[in-house]
Amino acid sequence: MKLLEDRILKDGQVRAGNILKVDNFLNHQIDAQLLDEIGREFVRLYKDEGITKVLTIEASGIAIAIMVAYHLGVPLVFAKKAKSKNIDGEVYTSQVESFTYKRTYDITVAQKFITPQDKLLIIDDFMASGKAMYGLLDICAKAGAKVAGIGICIEKGFQGGGDALRAKGYRVESLAIIESMSEDGIVFR
């Protein structure tokens with residue numbers, strides 16, 4: 001998606017440790033018009049898949065996923081990073097290792113929100129090694145739900161997560177795939 005790539009080149013900042021900061025438009029301060037276009041693009045890509053719900057992980061994926069869910073006309077479910085007291089009933093849990101935060105945490109979804117009748121579109125802001133996706137896919141498998149695909153705003157292609165998921169047969173659509181990045185610039189696939 002050229003609009004997103006242009007915005008990354010204009011406002012993204014490459015930091016040490018393969019970190020790309022896009023917090024001024026995507027995952028801290030949010031450009032709502034850009035997210036609307038991102039939501040519309042994911043709908044264009046997945047509109048014929050019979051999606052019943054959008055699934056993401058808190059927190060950065062929520063804003064993006066809500067735009068996709070809104071344009072699809074389906075509910076958004078997000079995995080919580082901690083089981084809170086306001087989650088009632090049985091839950092699905094999985095463990096996720098965060099590239100950004102360098103820690104492992106449990107994610108939780110109430111079982112009443114994902115069923116075997118669901119066909120899910122998983123949405124997230126970034127993919128590096130794909131560990132968050134494996135946690136969400138694990139929850140989908142435990143629920144017996146089908147996965148229509150995975151939509152990623154920015155994939156760090158050089159870290160292999162998206163390619164590994166594609167090799168396993170998942171449909172992964174990333175709007176911007178970064179082939180390489182350094183302080184000298186960003187190269188898209």
# chains A, B, ... in the order shown; residues from 1 in each chain; ligands from 1
>>> select_by_dssp(residues="region 11-184 of chain A", states="strand (DSSP E)", output="ChimeraX atom specification")
/A:13-15,19-21,53-57,76-79,91-98,103-110,119-127,146-156,172-182
>>> closest_atom_pairs(of="region 78-182 of chain A", to="region 35-39 of chain A", cutoff="10 Å", atoms="only C-alpha atoms", output="JSON lines")
{"residue": "A:Ile123", "atom": "CA", "partner": "A:Gly39", "partner_atom": "CA", "distance": 9.9}
{"residue": "A:Gly151", "atom": "CA", "partner": "A:Gly39", "partner_atom": "CA", "distance": 9.9}
{"residue": "A:Ile152", "atom": "CA", "partner": "A:Ile38", "partner_atom": "CA", "distance": 9.9}
{"residue": "A:Cys153", "atom": "CA", "partner": "A:Ile38", "partner_atom": "CA", "distance": 7.7}
{"residue": "A:Leu175", "atom": "CA", "partner": "A:Ile38", "partner_atom": "CA", "distance": 8.1}
>>> closest_residue(among="A:Gly130, A:Gly185, A:Gly89, A:Gly73", to="Lys112 (chain A)", atoms="only C-alpha atoms")
A:Gly89
>>> residues_around(residues="Ala63 (chain A)", least_positions_apart="5", cutoff="12 Å", atoms="only C-alpha atoms", output="number ranges by chain")
A: 25-36, 38-39, 54-58, 68-70, 76-78, 123-125, 153
>>> select_by_dssp(residues="region 41-152 of chain A", states="alpha helix (DSSP H)", output="ChimeraX atom specification")
/A:41-46,60-72,131-143
>>> closest_residue(among="A:His71, A:Lys2, A:Lys146, A:Lys10", to="Lys119 (chain A)", atoms="only C-alpha atoms")
A:Lys146
>>> residues_around(residues="Leu45 (chain A)", least_positions_apart="4", cutoff="9 Å", atoms="only C-alpha atoms", output="ChimeraX atom specification")
/A:40-41,173
>>> write_last_selection(atoms="N, CA and C atoms", output="PDB file, in the first residue's frame")
ATOM      1  N   ARG A  40     -10.007  -0.033   4.958  1.00  0.00           N
ATOM      2  CA  ARG A  40     -10.631  -0.272   3.648  1.00  0.00           C
ATOM      3  C   ARG A  40      -9.785  -1.209   2.783  1.00  0.00           C
ATOM      4  N   GLU A  41      -8.464  -1.086   2.870  1.00  0.00           N
ATOM      5  CA  GLU A  41      -7.587  -1.947   2.066  1.00  0.00           C
ATOM      6  C   GLU A  41      -7.678  -3.404   2.529  1.00  0.00           C
ATOM      7  N   GLU A 173      -1.435 -11.089   4.318  1.00  0.00           N
ATOM      8  CA  GLU A 173      -1.416  -9.892   3.488  1.00  0.00           C
ATOM      9  C   GLU A 173      -0.841  -8.755   4.327  1.00  0.00           C
TER      10      GLU A 173
END
>>> closest_residue(among="A:Ile51, A:Ile114, A:Phe126, A:Ala143", to="Gly162 (chain A)", atoms="only C-alpha atoms")
A:Phe126
>>> atom_distance(atom1="CA of Gly12 (chain A)", atom2="CA of Ile178 (chain A)")
12.0 Å
>>> atom_distance(atom1="CA of Glu5 (chain A)", atom2="CA of Val187 (chain A)")
9.8 Å
>>> residues_around(residues="region 17-19 of chain A", least_positions_apart="6", cutoff="12 Å", atoms="only C-alpha atoms", output="list in words")
Phe99, Thr100, Tyr101, Lys102, Phe126, Met127, Ala128, Ser129, Ile154, Glu155, Lys156, Gly157, Phe158, Gln159, Ile178, Glu179, Ser180, Met181, Ser182, Glu183 and Ile186 of chain A
>>> write_last_selection(atoms="N, CA and C atoms", output="PDB file, in the first residue's frame")
ATOM      1  N   PHE A  99       8.685  -9.327  20.636  1.00  0.00           N
ATOM      2  CA  PHE A  99       9.965  -8.870  20.104  1.00  0.00           C
ATOM      3  C   PHE A  99      10.327  -7.510  20.679  1.00  0.00           C
ATOM      4  N   THR A 100       9.334  -6.617  20.726  1.00  0.00           N
ATOM      5  CA  THR A 100       9.580  -5.245  21.165  1.00  0.00           C
ATOM      6  C   THR A 100       9.925  -5.167  22.641  1.00  0.00           C
ATOM      7  N   TYR A 101       9.172  -5.912  23.463  1.00  0.00           N
ATOM      8  CA  TYR A 101       9.350  -5.801  24.919  1.00  0.00           C
ATOM      9  C   TYR A 101      10.256  -6.869  25.506  1.00  0.00           C
ATOM     10  N   LYS A 102      10.681  -7.827  24.688  1.00  0.00           N
ATOM     11  CA  LYS A 102      11.610  -8.876  25.117  1.00  0.00           C
ATOM     12  C   LYS A 102      11.110  -9.626  26.359  1.00  0.00           C
ATOM     13  N   PHE A 126       2.233  -4.743  13.520  1.00  0.00           N
ATOM     14  CA  PHE A 126       3.567  -5.176  13.108  1.00  0.00           C
ATOM     15  C   PHE A 126       3.677  -6.686  13.124  1.00  0.00           C
ATOM     16  N   MET A 127       4.557  -7.213  12.284  1.00  0.00           N
ATOM     17  CA  MET A 127       5.000  -8.590  12.406  1.00  0.00           C
ATOM     18  C   MET A 127       6.499  -8.621  12.195  1.00  0.00           C
ATOM     19  N   ALA A 128       7.185  -9.226  13.159  1.00  0.00           N
ATOM     20  CA  ALA A 128       8.620  -9.445  13.051  1.00  0.00           C
ATOM     21  C   ALA A 128       8.835 -10.949  12.863  1.00  0.00           C
ATOM     22  N   SER A 129       8.992 -11.662  13.966  1.00  0.00           N
ATOM     23  CA  SER A 129       9.180 -13.112  13.876  1.00  0.00           C
ATOM     24  C   SER A 129       7.862 -13.883  13.859  1.00  0.00           C
ATOM     25  N   ILE A 154       2.574  -3.467   8.941  1.00  0.00           N
ATOM     26  CA  ILE A 154       4.000  -3.401   8.606  1.00  0.00           C
ATOM     27  C   ILE A 154       4.661  -4.721   8.983  1.00  0.00           C
ATOM     28  N   GLU A 155       5.190  -5.393   7.984  1.00  0.00           N
ATOM     29  CA  GLU A 155       5.918  -6.646   8.199  1.00  0.00           C
ATOM     30  C   GLU A 155       7.403  -6.388   8.006  1.00  0.00           C
ATOM     31  N   LYS A 156       8.184  -6.825   8.967  1.00  0.00           N
ATOM     32  CA  LYS A 156       9.638  -6.785   8.817  1.00  0.00           C
ATOM     33  C   LYS A 156      10.036  -8.080   8.119  1.00  0.00           C
ATOM     34  N   GLY A 157      10.037  -8.029   6.800  1.00  0.00           N
ATOM     35  CA  GLY A 157      10.279  -9.215   6.000  1.00  0.00           C
ATOM     36  C   GLY A 157      11.599  -9.886   6.293  1.00  0.00           C
ATOM     37  N   PHE A 158      12.592  -9.119   6.694  1.00  0.00           N
ATOM     38  CA  PHE A 158      13.925  -9.652   6.967  1.00  0.00           C
ATOM     39  C   PHE A 158      13.958 -10.471   8.259  1.00  0.00           C
ATOM     40  N   GLN A 159      12.873 -10.460   9.057  1.00  0.00           N
ATOM     41  CA  GLN A 159      12.840 -11.252  10.286  1.00  0.00           C
ATOM     42  C   GLN A 159      12.062 -12.553  10.115  1.00  0.00           C
ATOM     43  N   ILE A 178       8.938  -4.578   4.814  1.00  0.00           N
ATOM     44  CA  ILE A 178      10.273  -3.981   4.832  1.00  0.00           C
ATOM     45  C   ILE A 178      11.293  -5.084   4.585  1.00  0.00           C
ATOM     46  N   GLU A 179      12.048  -4.942   3.517  1.00  0.00           N
ATOM     47  CA  GLU A 179      13.087  -5.911   3.174  1.00  0.00           C
ATOM     48  C   GLU A 179      14.348  -5.655   3.993  1.00  0.00           C
ATOM     49  N   SER A 180      14.668  -4.386   4.177  1.00  0.00           N
ATOM     50  CA  SER A 180      15.825  -4.021   5.006  1.00  0.00           C
ATOM     51  C   SER A 180      15.629  -2.596   5.502  1.00  0.00           C
ATOM     52  N   MET A 181      16.304  -2.305   6.618  1.00  0.00           N
ATOM     53  CA  MET A 181      16.235  -0.949   7.146  1.00  0.00           C
ATOM     54  C   MET A 181      17.489  -0.657   7.952  1.00  0.00           C
ATOM     55  N   SER A 182      17.884   0.585   7.887  1.00  0.00           N
ATOM     56  CA  SER A 182      19.025   1.077   8.651  1.00  0.00           C
ATOM     57  C   SER A 182      18.846   2.581   8.787  1.00  0.00           C
ATOM     58  N   GLU A 183      19.760   3.206   9.488  1.00  0.00           N
ATOM     59  CA  GLU A 183      19.687   4.665   9.615  1.00  0.00           C
ATOM     60  C   GLU A 183      19.807   5.350   8.256  1.00  0.00           C
ATOM     61  N   ILE A 186      15.082   2.859   4.349  1.00  0.00           N
ATOM     62  CA  ILE A 186      14.215   1.685   4.382  1.00  0.00           C
ATOM     63  C   ILE A 186      13.994   1.205   2.962  1.00  0.00           C
TER      64      ILE A 186
END
>>> closest_residue(among="A:Val109, A:Ile64, A:Ile150, A:Leu137", to="Glu90 (chain A)", atoms="only C-alpha atoms")
A:Val109
>>> closest_residue(among="A:Ala145, A:Asp184, A:Ile122, A:Ile8", to="Val172 (chain A)", atoms="only C-alpha atoms")
A:Ile122
>>> residues_around(residues="Tyr92 (chain A)", least_positions_apart="3", cutoff="12 Å", atoms="only C-alpha atoms", output="PyMOL selection string")
chain A and resi 78-83+87-89+95+106-115+135-144
